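Structure data follow from model17.pdb (PDB, C-alpha atoms, pLDDT in the B column):
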MODEL        1
ATOM      1  CA  MET A   1    -118.052  -8.599  33.312  1.00 81.00           C
ATOM      2  CA  ILE A   2    -118.564 -11.472  35.766  1.00 90.00           C
ATOM      3  CA  LYS A   3    -122.117 -12.383  36.774  1.00 94.00           C
ATOM      4  CA  LEU A   4    -122.371 -13.042  40.510  1.00 93.00           C
ATOM      5  CA  HIS A   5    -125.251 -13.907  42.874  1.00 95.00           C
ATOM      6  CA  GLN A   6    -128.894 -13.043  42.263  1.00 96.00           C
ATOM      7  CA  LEU A   7    -130.038  -9.884  44.051  1.00 95.00           C
ATOM      8  CA  TYR A   8    -133.700  -9.885  43.150  1.00 91.00           C
ATOM      9  CA  GLU A   9    -136.331 -11.595  41.021  1.00 93.00           C
ATOM     10  CA  GLY A  10    -139.338  -9.647  39.827  1.00 90.00           C
ATOM     11  CA  LYS A  11    -142.306 -10.490  37.645  1.00 90.00           C
ATOM     12  CA  ALA A  12    -140.443  -9.980  34.365  1.00 93.00           C
ATOM     13  CA  LYS A  13    -136.740  -9.849  35.225  1.00 96.00           C
ATOM     14  CA  LYS A  14    -133.977 -11.172  37.436  1.00 97.00           C
ATOM     15  CA  VAL A  15    -131.234  -8.884  38.744  1.00 97.00           C
ATOM     16  CA  PHE A  16    -127.715 -10.111  39.493  1.00 98.00           C
ATOM     17  CA  ALA A  17    -124.685  -8.537  41.121  1.00 97.00           C
ATOM     18  CA  SER A  18    -121.635  -8.123  38.904  1.00 97.00           C
ATOM     19  CA  SER A  19    -117.897  -7.936  39.508  1.00 96.00           C
ATOM     20  CA  ASN A  20    -118.315  -4.135  39.505  1.00 97.00           C
ATOM     21  CA  PRO A  21    -120.262  -3.046  42.632  1.00 96.00           C
ATOM     22  CA  LEU A  22    -121.716  -0.060  40.734  1.00 97.00           C
ATOM     23  CA  LEU A  23    -123.188  -2.236  37.969  1.00 98.00           C
ATOM     24  CA  ILE A  24    -125.834  -4.968  37.859  1.00 98.00           C
ATOM     25  CA  ILE A  25    -126.906  -7.511  35.236  1.00 98.00           C
ATOM     26  CA  GLN A  26    -130.588  -7.484  34.305  1.00 98.00           C
ATOM     27  CA  GLU A  27    -131.956 -10.720  32.820  1.00 98.00           C
ATOM     28  CA  PHE A  28    -135.284 -10.651  30.966  1.00 98.00           C
ATOM     29  CA  LYS A  29    -137.662 -13.580  31.499  1.00 97.00           C
ATOM     30  CA  ASP A  30    -140.455 -15.009  29.347  1.00 97.00           C
ATOM     31  CA  ASP A  31    -142.794 -14.970  32.352  1.00 92.00           C
ATOM     32  CA  ALA A  32    -145.892 -12.808  31.968  1.00 90.00           C
ATOM     33  CA  THR A  33    -148.105 -11.444  34.727  1.00 87.00           C
ATOM     34  CA  ALA A  34    -151.115  -9.138  34.871  1.00 83.00           C
ATOM     35  CA  PHE A  35    -153.336  -7.540  37.516  1.00 79.00           C
ATOM     36  CA  ASN A  36    -150.512  -7.475  40.081  1.00 72.00           C
ATOM     37  CA  ALA A  37    -149.535 -11.099  39.381  1.00 70.00           C
ATOM     38  CA  GLN A  38    -153.063 -12.463  39.843  1.00 76.00           C
ATOM     39  CA  LYS A  39    -152.767 -13.776  36.286  1.00 82.00           C
ATOM     40  CA  LYS A  40    -149.601 -15.607  35.247  1.00 89.00           C
ATOM     41  CA  GLY A  41    -148.316 -17.202  32.064  1.00 93.00           C
ATOM     42  CA  THR A  42    -145.449 -17.367  29.591  1.00 93.00           C
ATOM     43  CA  ILE A  43    -144.875 -15.531  26.308  1.00 96.00           C
ATOM     44  CA  ALA A  44    -142.350 -17.287  24.067  1.00 95.00           C
ATOM     45  CA  ASP A  45    -139.166 -15.242  23.427  1.00 96.00           C
ATOM     46  CA  LYS A  46    -140.553 -12.254  25.341  1.00 97.00           C
ATOM     47  CA  GLY A  47    -137.302 -11.854  27.260  1.00 97.00           C
ATOM     48  CA  ILE A  48    -135.236 -11.706  24.092  1.00 98.00           C
ATOM     49  CA  ILE A  49    -137.619  -9.234  22.432  1.00 98.00           C
ATOM     50  CA  ASN A  50    -137.908  -6.950  25.461  1.00 98.00           C
ATOM     51  CA  ASN A  51    -134.144  -6.908  25.983  1.00 98.00           C
ATOM     52  CA  ALA A  52    -133.551  -5.900  22.356  1.00 98.00           C
ATOM     53  CA  LEU A  53    -136.297  -3.267  22.325  1.00 98.00           C
ATOM     54  CA  SER A  54    -135.160  -1.799  25.647  1.00 98.00           C
ATOM     55  CA  GLU A  55    -131.590  -1.506  24.355  1.00 98.00           C
ATOM     56  CA  TYR A  56    -132.863   0.240  21.218  1.00 98.00           C
ATOM     57  CA  PHE A  57    -135.036   2.749  23.079  1.00 98.00           C
ATOM     58  CA  PHE A  58    -132.530   3.405  25.871  1.00 98.00           C
ATOM     59  CA  ASN A  59    -129.956   4.335  23.226  1.00 98.00           C
ATOM     60  CA  LYS A  60    -132.393   6.703  21.506  1.00 98.00           C
ATOM     61  CA  ILE A  61    -133.282   8.324  24.835  1.00 98.00           C
ATOM     62  CA  SER A  62    -129.614   8.698  25.825  1.00 98.00           C
ATOM     63  CA  LEU A  63    -128.828  10.393  22.529  1.00 97.00           C
ATOM     64  CA  ALA A  64    -131.528  12.950  23.387  1.00 97.00           C
ATOM     65  CA  GLY A  65    -129.673  13.809  26.599  1.00 97.00           C
ATOM     66  CA  ILE A  66    -131.771  11.877  29.129  1.00 98.00           C
ATOM     67  CA  PRO A  67    -129.594   9.645  31.337  1.00 98.00           C
ATOM     68  CA  THR A  68    -130.501   5.961  31.646  1.00 98.00           C
ATOM     69  CA  HIS A  69    -129.197   2.992  33.586  1.00 98.00           C
ATOM     70  CA  PHE A  70    -128.324   1.077  30.390  1.00 98.00           C
ATOM     71  CA  VAL A  71    -124.620   0.334  29.792  1.00 98.00           C
ATOM     72  CA  GLU A  72    -124.510  -2.452  27.200  1.00 98.00           C
ATOM     73  CA  LYS A  73    -126.262  -5.574  25.990  1.00 98.00           C
ATOM     74  CA  LEU A  74    -124.456  -8.702  27.175  1.00 98.00           C
ATOM     75  CA  SER A  75    -126.503 -11.501  25.610  1.00 97.00           C
ATOM     76  CA  PRO A  76    -129.915 -12.033  23.989  1.00 97.00           C
ATOM     77  CA  ARG A  77    -131.561 -11.895  27.440  1.00 98.00           C
ATOM     78  CA  GLU A  78    -129.126  -9.819  29.519  1.00 98.00           C
ATOM     79  CA  MET A  79    -128.041  -6.213  29.749  1.00 98.00           C
ATOM     80  CA  LEU A  80    -125.468  -4.498  31.957  1.00 98.00           C
ATOM     81  CA  CYS A  81    -126.925  -1.560  33.880  1.00 98.00           C
ATOM     82  CA  LYS A  82    -125.895   1.010  36.457  1.00 98.00           C
ATOM     83  CA  LYS A  83    -127.049   0.042  39.938  1.00 98.00           C
ATOM     84  CA  LEU A  84    -129.898   2.278  41.081  1.00 98.00           C
ATOM     85  CA  ASP A  85    -131.493   3.254  44.337  1.00 97.00           C
ATOM     86  CA  ILE A  86    -135.042   2.896  43.011  1.00 96.00           C
ATOM     87  CA  ILE A  87    -137.470   5.762  43.495  1.00 98.00           C
ATOM     88  CA  LYS A  88    -140.691   4.117  44.697  1.00 98.00           C
ATOM     89  CA  ILE A  89    -142.812   5.906  42.096  1.00 98.00           C
ATOM     90  CA  GLU A  90    -144.147   4.583  38.805  1.00 98.00           C
ATOM     91  CA  VAL A  91    -144.702   7.361  36.272  1.00 98.00           C
ATOM     92  CA  VAL A  92    -147.409   6.710  33.681  1.00 98.00           C
ATOM     93  CA  THR A  93    -147.800   9.000  30.669  1.00 98.00           C
ATOM     94  CA  ARG A  94    -151.019   8.774  28.661  1.00 98.00           C
ATOM     95  CA  ASN A  95    -151.750  10.030  25.137  1.00 98.00           C
ATOM     96  CA  ILE A  96    -154.931   8.091  24.330  1.00 98.00           C
ATOM     97  CA  ALA A  97    -157.752   6.896  26.591  1.00 98.00           C
ATOM     98  CA  ALA A  98    -157.280   3.238  27.555  1.00 97.00           C
ATOM     99  CA  GLY A  99    -157.055   0.960  30.574  1.00 94.00           C
ATOM    100  CA  SER A 100    -157.717   2.504  33.978  1.00 94.00           C
ATOM    101  CA  LEU A 101    -158.317   5.934  32.438  1.00 94.00           C
ATOM    102  CA  VAL A 102    -161.406   4.521  30.734  1.00 96.00           C
ATOM    103  CA  ARG A 103    -162.574   2.584  33.810  1.00 94.00           C
ATOM    104  CA  LYS A 104    -162.132   5.432  36.279  1.00 94.00           C
ATOM    105  CA  PHE A 105    -163.316   8.398  34.241  1.00 95.00           C
ATOM    106  CA  GLY A 106    -165.832   6.926  31.805  1.00 94.00           C
ATOM    107  CA  LEU A 107    -163.860   7.907  28.712  1.00 97.00           C
ATOM    108  CA  ILE A 108    -164.174   6.064  25.415  1.00 97.00           C
ATOM    109  CA  GLU A 109    -161.235   3.805  24.602  1.00 97.00           C
ATOM    110  CA  GLY A 110    -159.253   5.238  21.713  1.00 96.00           C
ATOM    111  CA  ASP A 111    -160.135   8.885  22.265  1.00 96.00           C
ATOM    112  CA  ALA A 112    -157.062  11.112  21.956  1.00 96.00           C
ATOM    113  CA  LEU A 113    -156.375  13.324  24.971  1.00 97.00           C
ATOM    114  CA  GLN A 114    -155.959  17.076  24.491  1.00 97.00           C
ATOM    115  CA  PHE A 115    -152.428  16.802  25.887  1.00 98.00           C
ATOM    116  CA  PRO A 116    -150.385  14.039  27.550  1.00 98.00           C
ATOM    117  CA  ILE A 117    -151.378  13.231  31.131  1.00 98.00           C
ATOM    118  CA  VAL A 118    -148.642  12.320  33.622  1.00 98.00           C
ATOM    119  CA  GLU A 119    -149.761  10.166  36.568  1.00 98.00           C
ATOM    120  CA  LEU A 120    -147.874   8.992  39.656  1.00 98.00           C
ATOM    121  CA  TYR A 121    -148.369   5.597  41.312  1.00 98.00           C
ATOM    122  CA  LEU A 122    -146.879   4.260  44.516  1.00 98.00           C
ATOM    123  CA  LYS A 123    -144.612   1.347  43.592  1.00 96.00           C
ATOM    124  CA  ASN A 124    -146.063  -1.254  45.955  1.00 94.00           C
ATOM    125  CA  ASP A 125    -147.517  -4.518  44.630  1.00 89.00           C
ATOM    126  CA  GLU A 126    -149.127  -5.440  47.965  1.00 91.00           C
ATOM    127  CA  LEU A 127    -151.218  -2.264  47.838  1.00 94.00           C
ATOM    128  CA  GLY A 128    -151.950  -2.598  44.115  1.00 91.00           C
ATOM    129  CA  ASP A 129    -149.717   0.342  43.103  1.00 94.00           C
ATOM    130  CA  PRO A 130    -152.251   3.040  44.084  1.00 96.00           C
ATOM    131  CA  MET A 131    -152.396   6.345  42.225  1.00 97.00           C
ATOM    132  CA  MET A 132    -151.133   9.343  44.195  1.00 98.00           C
ATOM    133  CA  SER A 133    -150.574  13.062  43.841  1.00 98.00           C
ATOM    134  CA  GLU A 134    -147.304  14.993  43.978  1.00 98.00           C
ATOM    135  CA  ASP A 135    -148.252  16.038  47.512  1.00 98.00           C
ATOM    136  CA  HIS A 136    -148.510  12.365  48.524  1.00 98.00           C
ATOM    137  CA  ALA A 137    -145.077  11.670  47.055  1.00 98.00           C
ATOM    138  CA  LYS A 138    -143.532  14.620  48.898  1.00 98.00           C
ATOM    139  CA  ALA A 139    -145.334  13.937  52.191  1.00 98.00           C
ATOM    140  CA  PHE A 140    -144.299  10.262  52.099  1.00 98.00           C
ATOM    141  CA  GLY A 141    -140.658  11.259  51.518  1.00 98.00           C
ATOM    142  CA  LEU A 142    -140.493   9.492  48.151  1.00 98.00           C
ATOM    143  CA  ALA A 143    -139.183  12.508  46.227  1.00 98.00           C
ATOM    144  CA  THR A 144    -138.665  16.249  46.593  1.00 98.00           C
ATOM    145  CA  HIS A 145    -140.529  18.863  44.570  1.00 98.00           C
ATOM    146  CA  GLU A 146    -137.457  19.335  42.384  1.00 98.00           C
ATOM    147  CA  GLU A 147    -137.093  15.579  41.804  1.00 98.00           C
ATOM    148  CA  LEU A 148    -140.752  15.256  40.865  1.00 98.00           C
ATOM    149  CA  GLN A 149    -140.318  18.002  38.302  1.00 98.00           C
ATOM    150  CA  ILE A 150    -137.384  16.081  36.817  1.00 98.00           C
ATOM    151  CA  LEU A 151    -139.488  12.902  36.629  1.00 98.00           C
ATOM    152  CA  ARG A 152    -142.253  14.812  34.869  1.00 98.00           C
ATOM    153  CA  GLN A 153    -139.912  16.571  32.457  1.00 98.00           C
ATOM    154  CA  PHE A 154    -138.073  13.344  31.613  1.00 98.00           C
ATOM    155  CA  SER A 155    -141.342  11.462  31.098  1.00 98.00           C
ATOM    156  CA  LEU A 156    -142.783  14.053  28.722  1.00 98.00           C
ATOM    157  CA  SER A 157    -139.512  14.236  26.765  1.00 98.00           C
ATOM    158  CA  ILE A 158    -139.358  10.439  26.525  1.00 98.00           C
ATOM    159  CA  ASN A 159    -142.980  10.470  25.371  1.00 98.00           C
ATOM    160  CA  SER A 160    -142.060  12.731  22.449  1.00 98.00           C
ATOM    161  CA  ILE A 161    -139.057  10.569  21.533  1.00 98.00           C
ATOM    162  CA  LEU A 162    -141.031   7.318  21.638  1.00 98.00           C
ATOM    163  CA  GLN A 163    -144.011   8.751  19.753  1.00 98.00           C
ATOM    164  CA  THR A 164    -141.744   9.855  16.900  1.00 97.00           C
ATOM    165  CA  GLU A 165    -139.912   6.522  16.750  1.00 97.00           C
ATOM    166  CA  LEU A 166    -143.064   4.423  16.911  1.00 98.00           C
ATOM    167  CA  LYS A 167    -145.111   6.530  14.496  1.00 98.00           C
ATOM    168  CA  SER A 168    -142.390   6.023  11.880  1.00 98.00           C
ATOM    169  CA  VAL A 169    -143.135   2.267  11.955  1.00 98.00           C
ATOM    170  CA  GLY A 170    -146.913   2.584  12.083  1.00 98.00           C
ATOM    171  CA  LEU A 171    -147.442   2.299  15.831  1.00 98.00           C
ATOM    172  CA  LEU A 172    -149.440   4.508  18.207  1.00 98.00           C
ATOM    173  CA  LEU A 173    -148.025   5.051  21.687  1.00 98.00           C
ATOM    174  CA  VAL A 174    -151.206   4.932  23.767  1.00 98.00           C
ATOM    175  CA  ASP A 175    -149.562   5.104  27.200  1.00 98.00           C
ATOM    176  CA  PHE A 176    -146.499   3.775  29.011  1.00 98.00           C
ATOM    177  CA  LYS A 177    -144.950   3.277  32.453  1.00 98.00           C
ATOM    178  CA  LEU A 178    -141.487   4.432  33.483  1.00 98.00           C
ATOM    179  CA  GLU A 179    -139.394   3.769  36.575  1.00 98.00           C
ATOM    180  CA  PHE A 180    -136.478   5.858  37.795  1.00 98.00           C
ATOM    181  CA  GLY A 181    -133.695   5.593  40.338  1.00 98.00           C
ATOM    182  CA  LYS A 182    -130.580   7.362  41.571  1.00 98.00           C
ATOM    183  CA  HIS A 183    -126.999   6.467  40.690  1.00 98.00           C
ATOM    184  CA  LYS A 184    -124.344   8.527  42.489  1.00 96.00           C
ATOM    185  CA  GLY A 185    -127.106  11.022  43.276  1.00 96.00           C
ATOM    186  CA  GLU A 186    -128.218  11.461  39.646  1.00 98.00           C
ATOM    187  CA  ILE A 187    -131.744  10.499  38.545  1.00 98.00           C
ATOM    188  CA  LEU A 188    -131.626   7.897  35.748  1.00 98.00           C
ATOM    189  CA  LEU A 189    -134.293   6.119  33.757  1.00 98.00           C
ATOM    190  CA  GLY A 190    -134.376   2.452  34.769  1.00 98.00           C
ATOM    191  CA  ASP A 191    -136.387  -0.749  34.240  1.00 97.00           C
ATOM    192  CA  GLU A 192    -137.314  -1.366  30.570  1.00 98.00           C
ATOM    193  CA  ILE A 193    -139.245  -0.022  27.580  1.00 98.00           C
ATOM    194  CA  SER A 194    -141.165  -2.759  25.800  1.00 98.00           C
ATOM    195  CA  PRO A 195    -144.655  -4.090  25.000  1.00 97.00           C
ATOM    196  CA  ASP A 196    -144.760  -5.071  28.692  1.00 97.00           C
ATOM    197  CA  THR A 197    -144.627  -1.429  29.771  1.00 97.00           C
ATOM    198  CA  CYS A 198    -146.149   0.365  26.750  1.00 98.00           C
ATOM    199  CA  ARG A 199    -149.570   0.157  25.130  1.00 98.00           C
ATOM    200  CA  LEU A 200    -148.901   0.002  21.389  1.00 98.00           C
ATOM    201  CA  TRP A 201    -151.597   0.001  18.696  1.00 98.00           C
ATOM    202  CA  ASP A 202    -151.375  -0.273  14.947  1.00 98.00           C
ATOM    203  CA  ILE A 203    -152.042   3.214  13.540  1.00 97.00           C
ATOM    204  CA  GLU A 204    -154.386   2.001  10.791  1.00 97.00           C
ATOM    205  CA  THR A 205    -156.312  -0.857  12.400  1.00 97.00           C
ATOM    206  CA  LEU A 206    -155.880   0.050  16.118  1.00 97.00           C
ATOM    207  CA  GLN A 207    -154.950  -3.584  16.710  1.00 98.00           C
ATOM    208  CA  LYS A 208    -153.367  -4.014  20.144  1.00 98.00           C
ATOM    209  CA  LEU A 209    -149.716  -5.112  19.974  1.00 98.00           C
ATOM    210  CA  ASP A 210    -148.775  -5.235  23.649  1.00 97.00           C
ATOM    211  CA  LYS A 211    -149.384  -7.059  26.927  1.00 96.00           C
ATOM    212  CA  ASP A 212    -153.108  -6.248  26.814  1.00 96.00           C
ATOM    213  CA  ARG A 213    -153.412  -9.245  24.500  1.00 96.00           C
ATOM    214  CA  PHE A 214    -152.266 -11.398  27.434  1.00 95.00           C
ATOM    215  CA  ARG A 215    -154.205  -9.447  30.094  1.00 94.00           C
ATOM    216  CA  PHE A 216    -157.549  -9.811  28.342  1.00 94.00           C
ATOM    217  CA  ASP A 217    -157.103 -13.148  26.539  1.00 93.00           C
ATOM    218  CA  LEU A 218    -157.167 -11.554  23.078  1.00 94.00           C
ATOM    219  CA  GLY A 219    -154.994 -14.274  21.557  1.00 94.00           C
ATOM    220  CA  LYS A 220    -151.920 -14.048  19.299  1.00 95.00           C
ATOM    221  CA  VAL A 221    -149.824 -12.670  22.170  1.00 96.00           C
ATOM    222  CA  GLU A 222    -146.493 -13.924  20.814  1.00 97.00           C
ATOM    223  CA  ASP A 223    -147.392 -12.619  17.353  1.00 97.00           C
ATOM    224  CA  ALA A 224    -147.938  -9.122  18.787  1.00 98.00           C
ATOM    225  CA  TYR A 225    -144.517  -8.987  20.467  1.00 98.00           C
ATOM    226  CA  GLN A 226    -142.879 -10.405  17.347  1.00 97.00           C
ATOM    227  CA  GLU A 227    -144.634  -7.775  15.197  1.00 98.00           C
ATOM    228  CA  VAL A 228    -143.324  -4.901  17.317  1.00 98.00           C
ATOM    229  CA  TYR A 229    -139.824  -6.369  17.047  1.00 98.00           C
ATOM    230  CA  ARG A 230    -140.183  -6.746  13.269  1.00 98.00           C
ATOM    231  CA  ARG A 231    -141.323  -3.162  12.806  1.00 97.00           C
ATOM    232  CA  ILE A 232    -138.524  -1.679  14.909  1.00 98.00           C
ATOM    233  CA  PHE A 233    -135.687  -3.795  13.490  1.00 97.00           C
ATOM    234  CA  GLY A 234    -137.002  -4.420   9.983  1.00 95.00           C
ATOM    235  CA  GLN A 235    -136.740  -8.199  10.287  1.00 92.00           C
ATOM    236  CA  SER A 236    -138.235 -11.032  12.291  1.00 88.00           C
ATOM    237  CA  LEU A 237    -136.564 -12.303  15.451  1.00 85.00           C
ATOM    238  CA  SER A 238    -135.852 -15.672  13.817  1.00 81.00           C
ATOM    239  CA  ASN A 239    -133.983 -13.967  10.963  1.00 75.00           C
ATOM    240  CA  SER A 240    -131.892 -11.845  13.335  1.00 73.00           C
ATOM    241  CA  GLN A 241    -130.626 -14.726  15.464  1.00 64.00           C
TER     242      GLN A 241
ENDMDL
END
As a first step, turn the structure in this file into structure tokens.
Amino acid sequence: MIKLHQLYEGKAKKVFASSNPLLIIQEFKDDATAFNAQKKGTIADKGIINNALSEYFFNKISLAGIPTHFVEKLSPREMLCKKLDIIKIEVVTRNIAAGSLVRKFGLIEGDALQFPIVELYLKNDELGDPMMSEDHAKAFGLATHEELQILRQFSLSINSILQTELKSVGLLLVDFKLEFGKHKGEILLGDEISPDTCRLWDIETLQKLDKDRFRFDLGKVEDAYQEVYRRIFGQSLSNSQ
């Protein structure tokens, strides 16, 4: 597959055209941002770790019958993906009170929810990705009722898959963000699944092992990403290269 011109550069990834017009190449960066890019930095080897973890989880999700944009891993930082018409909705699924759920509703961080909560956010950095209802999404023409039900069903199914996988290596899935798009009219899971998009805590100590360490200056950011990699793959990144 031939890598052509750059189509887009986001906060965590670059997207390139490929020699196949239906496929793109997604390159993971070490850049880190928080609070809608108000805070910026770098996390060593983050791109390599997130690429590997995303490949792993996309494969698990595909095996469960949920279609994703992932085609194959091309290099330590690059994966080949199906080109998507992005749905301008971020879907957040929450299992444990943390982040904005605590700030907005006065919950205690770490409290388990009675059942997973699925939230919708408008994908718009300039507006701060505001939360919205299904009625907003339909009225704004972002998705139909049927499409929103698919997004919800996929998100809850992915939640179950990820919880099982992560629990087996001693990690709690607190919450996570998903993005979707359409390829030839079919809704596919896109973007990535990594410590950038998931809140992950150690089951025993509740130590944070995700981007919150960068957001809130908790220290040992690289160690957290490396630890998630080690638990999933059973070896350190340095030993796998």
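Atom CA of Thr197 of chain A is found 19.5 Å from atom CA of Leu113 of chain A.
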Quiz item: Applied to the shown file, which residues does the PyMOL selection byres ((chain A and resi 92) around 8) return, written as a list in words?
Solution: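 Here the PyMOL selection byres ((chain A and resi 92) around 8) matches Glu90, Val91, Thr93, Arg94, Val118, Glu119, Leu120, Tyr121, Asp175, Phe176, Lys177 and Leu178 of chain A.
The two atoms in question, atom CA of Gly181 of chain A and atom CA of Ile87 of chain A, are spaced 4.9 Å apart.
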Practice problem: Just the residues within 12 Å of Leu63 of chain A, please, counting all atoms listed in the file, with nothing from its chain fewer than 5 positions along; format it as a count of residues only. | Solution: 6
Practice problem: Name the residues that the PyMOL selection byres ((chain A and resi 209) around 8) pulls out of this structure, and write them as a PyMOL selection string. | Solution: chain A and resi 195+199-202+207-208+210-213+221+224-225+227-228
Practice problem: Find the spatial neighbours of Ile2 of chain A, counting only C-alpha atoms, within a cut-off of 12 Å - ignore same-chain residues fewer than 5 positions away - and output them as a list in words. | Solution: Phe16, Ala17, Ser18, Ser19, Asn20, Pro21, Leu23, Ile24, Ile25, Leu74 and Leu80 of chain A
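Going from atom CA of Arg77 of chain A to atom CA of Leu151 of chain A covers 27.6 Å.
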Exercise. On this file, the PyMOL selection byres ((chain A and resi 111) around 10) gives some set of residues; write that set as a ChimeraX atom specification.
Key: /A:95-98,102,107-110,112-114,174
Write to file, as an mmCIF file, in the frame of the given file, the residues of the selection just made, with C-alpha atoms.
data_model
loop_
_atom_site.group_PDB
_atom_site.id
_atom_site.type_symbol
_atom_site.label_atom_id
_atom_site.label_comp_id
_atom_site.auth_asym_id
_atom_site.auth_seq_id
_atom_site.Cartn_x
_atom_site.Cartn_y
_atom_site.Cartn_z
ATOM 1 C CA ASN A 95 -151.750 10.030 25.137
ATOM 2 C CA ILE A 96 -154.931 8.091 24.330
ATOM 3 C CA ALA A 97 -157.752 6.896 26.591
ATOM 4 C CA ALA A 98 -157.280 3.238 27.555
ATOM 5 C CA VAL A 102 -161.406 4.521 30.734
ATOM 6 C CA LEU A 107 -163.860 7.907 28.712
ATOM 7 C CA ILE A 108 -164.174 6.064 25.415
ATOM 8 C CA GLU A 109 -161.235 3.805 24.602
ATOM 9 C CA GLY A 110 -159.253 5.238 21.713
ATOM 10 C CA ALA A 112 -157.062 11.112 21.956
ATOM 11 C CA LEU A 113 -156.375 13.324 24.971
ATOM 12 C CA GLN A 114 -155.959 17.076 24.491
ATOM 13 C CA VAL A 174 -151.206 4.932 23.767
#
Exercise. Show which residues sit within 12 Å of segment 130-136 of chain A, as number ranges by chain. Count only C-alpha atoms, and ignore same-chain residues fewer than 5 positions away.
Key: A: 36, 88-92, 100-101, 104, 118-125, 141-149, 151-152
Exercise. Between A:Phe154, A:Asp196, A:Lys182, A:Phe233, single out the one closest to Val169 of chain A, counting all atoms listed in the file.
Key: A:Phe233
Quiz item: Looking at A:Lys83, A:Ser236, A:Leu171, A:Leu188, which one is nearest to Leu206 of chain A, with distances taken over all atoms listed in the file?
Solution: A:Leu171
Report, as JSON, the centre and edge lengths in Å (one decimal) of the axis-aligned box enclosing every listed atom of segment 195-199 of chain A, padded by 4 Å on each side.
{"center_x": -147.1, "center_y": -2.4, "center_z": 27.4, "size_x": 12.9, "size_y": 13.4, "size_z": 12.8}
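When only C-alpha atoms are used to measure the gap to Leu7 of chain A, the shortest distance among A:Glu27, A:Glu204, A:Glu126, A:Glu186 belongs to A:Glu27.
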Quiz item: Which one is closest to Asp30 of chain A: A:Glu72, A:Asp45, A:Glu192, A:Asp85? Count only C-alpha atoms.
Solution: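 Using only C-alpha atoms, the shortest distance to Asp30 of chain A belongs to A:Asp45.
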Exercise. For each of A:Leu156, A:Ala34, A:Ile117, A:Leu4, take the minimum atom-to-atom distance to Asp217 of chain A, counting all atoms listed in the file, then give the residue where this is smallest.
Key: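 Checking each candidate against Asp217 of chain A, we get A:Ala34 as the closest.
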Exercise. Determine the nearest neighbour of Thr42 of chain A from the options A:Glu55, A:Asn239, A:Ala12, A:Ile193, counting only C-alpha atoms.
Key: A:Ala12
